[in-house]
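K.L.:
I'd like to ask some things about the structure below.
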Amino acid sequence: MCGDGALAYPIVAVNEANTKHLFDNRYGTGQSTIDGITRATNILWAGRQVVVVGYGWCGRGVAMRARGLGSQVIVVEVDPLRALEAVMDGYRVMPMQEAARAGDIFITLTGDINAIGKHHMDAMHDGAILANSGHFNVELNLEALAGMAEKRREIRPFVEEYTLGDGRKLFVLADGRLINLSAAEGHPASVMDMSFANQALSSEYIVLKEERLPIDVYRVPHEIDAEIARLKLASLGVQIDELTDEQRKYLASWEEGT
Ligand SMILES: NC(=O)c1ccc[n+]([C@@H]2O[C@H](COP(=O)([O-])OP(=O)(O)OC[C@H]3O[C@@H](n4cnc5c(N)ncnc54)[C@H](O)[C@@H]3O)[C@@H](O)[C@H]2O)c1
């Protein structure tokens with residue numbers, strides 16, 4: 001929007017703060033996505049082939065938690081760096097078309113459109129479950145699926161069964177909307193506190209600035225990010241060490257130890 005001149009006021013990109021995406025996206029979405037799918041379906045995760053589409057902060061969290069429950073996790077990515085990270089984190093990485101044949105449960109977390117499309121659904125086995133936890137309900141191409149289906153019915157809250165022409169049944173959760181917000185309770189308050197602190201302190205930062213900030217997109221100032229981490233640690237009763245003067249001087253110097 002900024003590049004197109006469509007931004008009407010200065011913005012702080014709160015998602016870029018470490019105290020946002022490292023925790024809300026990874027641990028919040030990781031836990032609540034699994035929670036939403038479990039509440040909707042009561043599936044056993046152990047031994048299932050779980051396909052995580054998008055290995056960003058949210059995808060990392062979901063993959064980690066699914067593995068913790070005993071699932072075999074397959075990651076689908078388009079970014080080579082993130083795909084490589086997933087490989088070295090110990091997951092199987094493959095194109096979506098291949099994963100479509102292998103998966104039992106598919107979870108999209110890409111922010112992208114049609115991350116799972118018609119040709120992928122064509123390849124899925126009978127009984128596959130599809131859920132989305134990314135933004136928004138366009139990650140699964142449900143229009144295409146509706147076109148492929150001969151019959152549709154809700155078999156329990158948040159679970160819609162699509163019966164295809166060849167008899168296969170695919171199960172779509174919560175109409176492809178964010179499953180953690182639909183079928184569960186979203187993130188626990190004890191991780192949202194940091195996201196809301198970022199929003200509140202970033203708003204204050206803009207309002208209290210002496211001169212009006214030019215219209216642009218700003219990062220959350222490091223001091224705010226660090227202060228939120230400090231406050232969160234304090235609220236958890238966790239204490240940490242501080243650098244000594246000697247250590248601070250050593251770390252800032254290049255004359256010693258190099
Ligand atoms: N469910 C929730 O409560 C919740 C919470 C936070 C964020 N989100 C949403 O989740 C989504 C992901 O957030 P994030 O922080 O992980 O973002 P991110 O940008 O870190 O990760 C997204 C990843 O998806 C990959 N990707 C994009 N298109 C793809 C495609 N077609 N196939 C495979 N991979 C693809 C990107 O390369 C990237 O690595 C966003 O849309 C965000 O708004 C949801």
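A note on labels: chains of the structure tokens are A, B, ... as shown, every chain counts residues from 1, and ligands are counted from 1 in their shown order.
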Hey, which residues sit close to ligand 1? Say within 6 Å, counting only C-alpha atoms and all ligand atoms, and write them as a ChimeraX atom specification.
P.N.:
/A:25,29,53-59,76-79,82,109-112,115,133-135,178,180
K.L.:
For Ser195 of chain A, list every protein, DNA or RNA residue within 9 Å, evaluated using only C-alpha atoms, and leave out those in the same chain fewer than 6 positions away; present the list as a list in words.
P.N.:
Val14, Asn15, Ala17, Thr19, Lys20, His21, Phe23 and Asp24 of chain A
K.L.:
Give the alpha helix (DSSP H) residues of segment 3-233 of chain A, as assigned by DSSP on the backbone, as number ranges by chain.
P.N.:
A: 18-20, 29-41, 57-68, 80-88, 96-102, 118-123, 142-148, 179-182, 189-208, 222-233
K.L.:
Which neighbours of Pro188 of chain A fall inside 12 Å, counting only C-alpha atoms, when residues of the same chain fewer than 2 positions from it are skipped, and could you give them as a ChimeraX atom specification?
P.N.:
/A:23-25,27-33,35,180-181,184-186,190-195
K.L.:
Can you spit out the residues from that selection as a short mmCIF file (atom, residue, chain, number, x, y, z; two decimals), in the first residue's frame, using all heavy atoms?
P.N.:
data_model
loop_
_atom_site.label_atom_id
_atom_site.label_comp_id
_atom_site.auth_asym_id
_atom_site.auth_seq_id
_atom_site.Cartn_x
_atom_site.Cartn_y
_atom_site.Cartn_z
N PHE A 23 6.44 -15.87 18.89
CA PHE A 23 5.64 -16.48 19.96
C PHE A 23 4.17 -16.67 19.55
O PHE A 23 3.68 -17.80 19.55
CB PHE A 23 5.76 -15.63 21.23
CG PHE A 23 7.18 -15.47 21.65
CD1 PHE A 23 7.89 -14.31 21.34
CD2 PHE A 23 7.86 -16.51 22.26
CE1 PHE A 23 9.23 -14.18 21.68
CE2 PHE A 23 9.19 -16.40 22.60
CZ PHE A 23 9.89 -15.22 22.30
N ASP A 24 3.50 -15.58 19.18
CA ASP A 24 2.08 -15.66 18.75
C ASP A 24 1.98 -16.60 17.55
O ASP A 24 1.24 -17.60 17.56
CB ASP A 24 1.63 -14.22 18.43
CG ASP A 24 0.29 -14.11 17.72
OD1 ASP A 24 -0.03 -14.96 16.88
OD2 ASP A 24 -0.44 -13.14 17.99
N ASN A 25 2.73 -16.30 16.49
CA ASN A 25 2.60 -17.09 15.25
C ASN A 25 3.08 -18.52 15.48
O ASN A 25 2.43 -19.47 15.04
CB ASN A 25 3.42 -16.46 14.12
CG ASN A 25 2.98 -15.03 13.81
OD1 ASN A 25 2.55 -14.32 14.70
ND2 ASN A 25 3.09 -14.62 12.57
N TYR A 27 4.12 -20.37 18.56
CA TYR A 27 3.56 -21.21 19.64
C TYR A 27 2.05 -21.07 19.74
O TYR A 27 1.35 -22.03 20.06
CB TYR A 27 4.24 -20.87 20.98
CG TYR A 27 5.72 -21.16 20.92
CD1 TYR A 27 6.66 -20.13 20.95
CD2 TYR A 27 6.19 -22.46 20.78
CE1 TYR A 27 8.01 -20.39 20.85
CE2 TYR A 27 7.54 -22.74 20.68
CZ TYR A 27 8.45 -21.70 20.72
OH TYR A 27 9.79 -21.97 20.62
N GLY A 28 1.54 -19.86 19.50
CA GLY A 28 0.09 -19.65 19.56
C GLY A 28 -0.61 -20.43 18.46
O GLY A 28 -1.47 -21.27 18.71
N THR A 29 -0.22 -20.16 17.21
CA THR A 29 -0.87 -20.85 16.08
C THR A 29 -0.55 -22.34 16.12
O THR A 29 -1.42 -23.16 15.80
CB THR A 29 -0.42 -20.24 14.74
OG1 THR A 29 -0.49 -18.83 14.84
CG2 THR A 29 -1.28 -20.71 13.59
N GLY A 30 0.66 -22.68 16.50
CA GLY A 30 1.04 -24.10 16.59
C GLY A 30 0.07 -24.85 17.47
O GLY A 30 -0.50 -25.87 17.07
N GLN A 31 -0.16 -24.34 18.66
CA GLN A 31 -1.02 -25.05 19.61
C GLN A 31 -2.50 -24.96 19.23
O GLN A 31 -3.22 -25.97 19.21
CB GLN A 31 -0.80 -24.47 21.02
CG GLN A 31 -1.75 -25.05 22.05
CD GLN A 31 -1.43 -24.59 23.46
OE1 GLN A 31 -0.28 -24.53 23.87
NE2 GLN A 31 -2.46 -24.28 24.22
N SER A 32 -2.96 -23.74 18.90
CA SER A 32 -4.41 -23.57 18.72
C SER A 32 -4.91 -24.20 17.42
O SER A 32 -6.08 -24.57 17.32
CB SER A 32 -4.81 -22.10 18.82
OG SER A 32 -4.21 -21.34 17.81
N THR A 33 -4.04 -24.32 16.43
CA THR A 33 -4.45 -24.98 15.18
C THR A 33 -4.69 -26.47 15.43
O THR A 33 -5.69 -27.04 15.00
CB THR A 33 -3.37 -24.78 14.10
OG1 THR A 33 -3.24 -23.39 13.86
CG2 THR A 33 -3.72 -25.50 12.81
N ASP A 35 -5.35 -27.72 18.28
CA ASP A 35 -6.52 -27.74 19.17
C ASP A 35 -7.82 -27.69 18.36
O ASP A 35 -8.74 -28.48 18.58
CB ASP A 35 -6.42 -26.54 20.13
CG ASP A 35 -7.50 -26.53 21.19
OD1 ASP A 35 -8.13 -27.57 21.43
OD2 ASP A 35 -7.72 -25.45 21.80
N ASN A 180 -8.36 -22.46 14.03
CA ASN A 180 -8.13 -22.23 15.48
C ASN A 180 -9.14 -21.23 16.05
O ASN A 180 -9.49 -21.30 17.22
CB ASN A 180 -6.70 -21.78 15.76
CG ASN A 180 -6.35 -20.48 15.07
OD1 ASN A 180 -6.96 -20.11 14.07
ND2 ASN A 180 -5.35 -19.79 15.57
N LEU A 181 -9.61 -20.31 15.20
CA LEU A 181 -10.59 -19.33 15.67
C LEU A 181 -12.01 -19.89 15.55
O LEU A 181 -12.89 -19.50 16.30
CB LEU A 181 -10.47 -18.03 14.87
CG LEU A 181 -9.12 -17.33 14.96
CD1 LEU A 181 -9.12 -16.07 14.13
CD2 LEU A 181 -8.78 -16.99 16.41
N ALA A 184 -11.81 -23.72 17.85
CA ALA A 184 -11.19 -23.67 19.18
C ALA A 184 -11.32 -22.23 19.70
O ALA A 184 -12.22 -21.51 19.29
CB ALA A 184 -9.76 -24.15 19.13
N GLU A 185 -10.42 -21.82 20.55
CA GLU A 185 -10.58 -20.51 21.19
C GLU A 185 -9.51 -19.52 20.76
O GLU A 185 -9.22 -18.57 21.49
CB GLU A 185 -10.57 -20.68 22.70
CG GLU A 185 -11.74 -21.51 23.20
CD GLU A 185 -11.63 -21.82 24.69
OE1 GLU A 185 -11.50 -20.90 25.49
OE2 GLU A 185 -11.66 -23.02 25.02
N GLY A 186 -8.85 -19.78 19.62
CA GLY A 186 -7.75 -18.91 19.23
C GLY A 186 -6.57 -19.15 20.15
O GLY A 186 -6.49 -20.19 20.82
N SER A 190 -2.05 -15.94 27.30
CA SER A 190 -0.67 -15.79 27.74
C SER A 190 0.33 -15.74 26.58
O SER A 190 1.53 -15.73 26.82
CB SER A 190 -0.30 -16.89 28.73
OG SER A 190 -0.57 -18.15 28.16
N VAL A 191 -0.17 -15.71 25.35
CA VAL A 191 0.74 -15.38 24.25
C VAL A 191 0.22 -14.12 23.54
O VAL A 191 1.00 -13.32 23.03
CB VAL A 191 0.95 -16.57 23.27
CG1 VAL A 191 -0.22 -16.80 22.34
CG2 VAL A 191 2.22 -16.40 22.45
N MET A 192 -1.11 -13.93 23.58
CA MET A 192 -1.68 -12.71 22.97
C MET A 192 -1.24 -11.47 23.74
O MET A 192 -1.23 -10.37 23.19
CB MET A 192 -3.22 -12.80 22.95
CG MET A 192 -3.78 -13.78 21.94
SD MET A 192 -3.11 -13.65 20.29
CE MET A 192 -3.69 -12.04 19.79
N ASP A 193 -0.89 -11.65 25.03
CA ASP A 193 -0.46 -10.47 25.82
C ASP A 193 0.68 -9.74 25.11
O ASP A 193 0.72 -8.51 25.05
CB ASP A 193 -0.08 -10.87 27.26
CG ASP A 193 0.96 -11.99 27.36
OD1 ASP A 193 1.44 -12.48 26.30
OD2 ASP A 193 1.28 -12.39 28.49
N MET A 194 1.61 -10.50 24.53
CA MET A 194 2.76 -9.85 23.87
C MET A 194 2.34 -9.17 22.57
O MET A 194 2.84 -8.10 22.24
CB MET A 194 3.86 -10.88 23.62
CG MET A 194 4.58 -11.28 24.88
SD MET A 194 6.03 -12.26 24.54
CE MET A 194 5.31 -13.86 24.28
N SER A 195 1.41 -9.80 21.84
CA SER A 195 0.94 -9.19 20.59
C SER A 195 0.21 -7.88 20.89
O SER A 195 0.42 -6.86 20.22
CB SER A 195 0.00 -10.14 19.85
OG SER A 195 0.65 -11.36 19.62
#
K.L.:
Do a neighbour search on Asp175 of chain A at 8 Å with only C-alpha atoms, toss out local chain neighbours closer than 4 positions, and write the hits as a VMD selection string.
P.N.:
chain A and resid 137 158 160
K.L.:
Which residues in segment 45-208 of chain A does DSSP call strand (DSSP E or B)? List them as a VMD selection string.
P.N.:
chain A and resid 49 to 53 72 to 76 92 to 93 105 to 108 116 129 to 132 140 149 to 156 159 to 164 169 to 173 178
K.L.:
Give me the residues near segment 138-151 of chain A as a list in words, where near means some atom within 9 Å (using only C-alpha atoms) and where sequence neighbours in that chain fewer than 6 positions away do not count.
P.N.:
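Within the cut-off, the hits are Thr108, Leu109, Thr110, Gly111, Asp112, Ile113, Asn114, Ala115, Ile116, Gly117, Lys118, Met121, Asp122, Leu130, Ala131, Asn132, Glu161, Tyr162, Thr163, Leu164, Gly165, Gly167, Lys169, Val172, Asp175, Gly176 and Arg177 of chain A.
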K.L.:
Would you put the residues from that selection into a file with C-alpha atoms, as a short mmCIF file (atom, residue, chain, number, x, y, z; two decimals), in the first residue's frame?
P.N.:
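Final output, saved to out-v6.cif:
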data_model
loop_
_atom_site.label_atom_id
_atom_site.label_comp_id
_atom_site.auth_asym_id
_atom_site.auth_seq_id
_atom_site.Cartn_x
_atom_site.Cartn_y
_atom_site.Cartn_z
CA THR A 108 -2.44 -24.44 4.99
CA LEU A 109 -0.57 -21.52 6.60
CA THR A 110 0.67 -19.53 3.63
CA GLY A 111 -1.31 -16.28 3.39
CA ASP A 112 -1.58 -17.24 -0.28
CA ILE A 113 -4.44 -18.05 -2.62
CA ASN A 114 -5.18 -21.65 -3.73
CA ALA A 115 -2.24 -23.16 -1.88
CA ILE A 116 -4.28 -26.33 -2.30
CA GLY A 117 -6.00 -26.35 -5.69
CA LYS A 118 -8.21 -28.62 -7.75
CA MET A 121 -7.62 -32.41 -4.37
CA ASP A 122 -7.91 -34.68 -7.40
CA LEU A 130 -8.37 -30.25 4.83
CA ALA A 131 -7.97 -27.30 7.18
CA ASN A 132 -6.67 -23.77 6.90
CA GLU A 161 -18.05 -34.05 3.91
CA TYR A 162 -17.62 -33.65 0.14
CA THR A 163 -18.43 -36.82 -1.80
CA LEU A 164 -16.72 -36.74 -5.19
CA GLY A 165 -17.85 -38.35 -8.43
CA GLY A 167 -16.83 -42.01 -4.46
CA LYS A 169 -14.83 -38.36 0.48
CA VAL A 172 -13.21 -29.72 4.94
CA ASP A 175 -15.40 -23.80 5.54
CA GLY A 176 -11.67 -23.23 5.14
CA ARG A 177 -11.72 -20.37 7.64
#
K.L.:
Name all residues at most 9 Å from Arg92 of chain A (count only C-alpha atoms; drop same-chain ones fewer than 4 positions away) and give them as a compact mmCIF listing (two decimals) with N, CA, C and O atoms, in the first residue's frame.
P.N.:
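Okay, this is what ended up in part-v5.txt:
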# COMPACT_ATOMS: atom_id res chain seq x y z
N GLN A 72 3.70 -37.92 11.29
CA GLN A 72 4.82 -37.78 10.36
C GLN A 72 4.51 -36.56 9.53
O GLN A 72 3.49 -36.52 8.83
N VAL A 73 5.38 -35.58 9.60
CA VAL A 73 5.07 -34.28 9.01
C VAL A 73 5.78 -34.10 7.66
O VAL A 73 6.98 -34.35 7.54
N ILE A 74 4.99 -33.68 6.69
CA ILE A 74 5.52 -33.33 5.37
C ILE A 74 5.35 -31.82 5.22
O ILE A 74 4.28 -31.28 5.53
N VAL A 75 6.39 -31.15 4.76
CA VAL A 75 6.31 -29.70 4.57
C VAL A 75 6.31 -29.37 3.08
O VAL A 75 7.07 -29.96 2.30
N VAL A 76 5.44 -28.42 2.71
CA VAL A 76 5.39 -27.91 1.33
C VAL A 76 5.76 -26.43 1.40
O VAL A 76 5.20 -25.69 2.21
N ALA A 86 13.28 -26.57 6.72
CA ALA A 86 12.38 -27.68 7.06
C ALA A 86 13.10 -29.02 6.89
O ALA A 86 12.95 -29.93 7.72
N VAL A 87 13.90 -29.14 5.83
CA VAL A 87 14.67 -30.38 5.61
C VAL A 87 15.57 -30.63 6.81
O VAL A 87 15.62 -31.72 7.38
K.L.:
Quick one: pull the distance between atom CA of Asp89 of chain A and atom CA of Gly61 of chain A, Å, one decimal.
P.N.:
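These two atoms are separated by 12.0 Å.
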K.L.:
So which residues touch Glu16 of chain A within 10 Å, counting only C-alpha atoms, skipping near sequence neighbours fewer than 3 positions away, as a ChimeraX atom specification?
P.N.:
/A:12-13,19-22,218-220,225
K.L.:
Tell me which of A:Ala40, A:Ala123, A:Ala128, A:Ala252 sits closest to Ile155 of chain A, counting only C-alpha atoms.
P.N.:
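Answer, going by the shortest atom-to-atom distance: A:Ala40.
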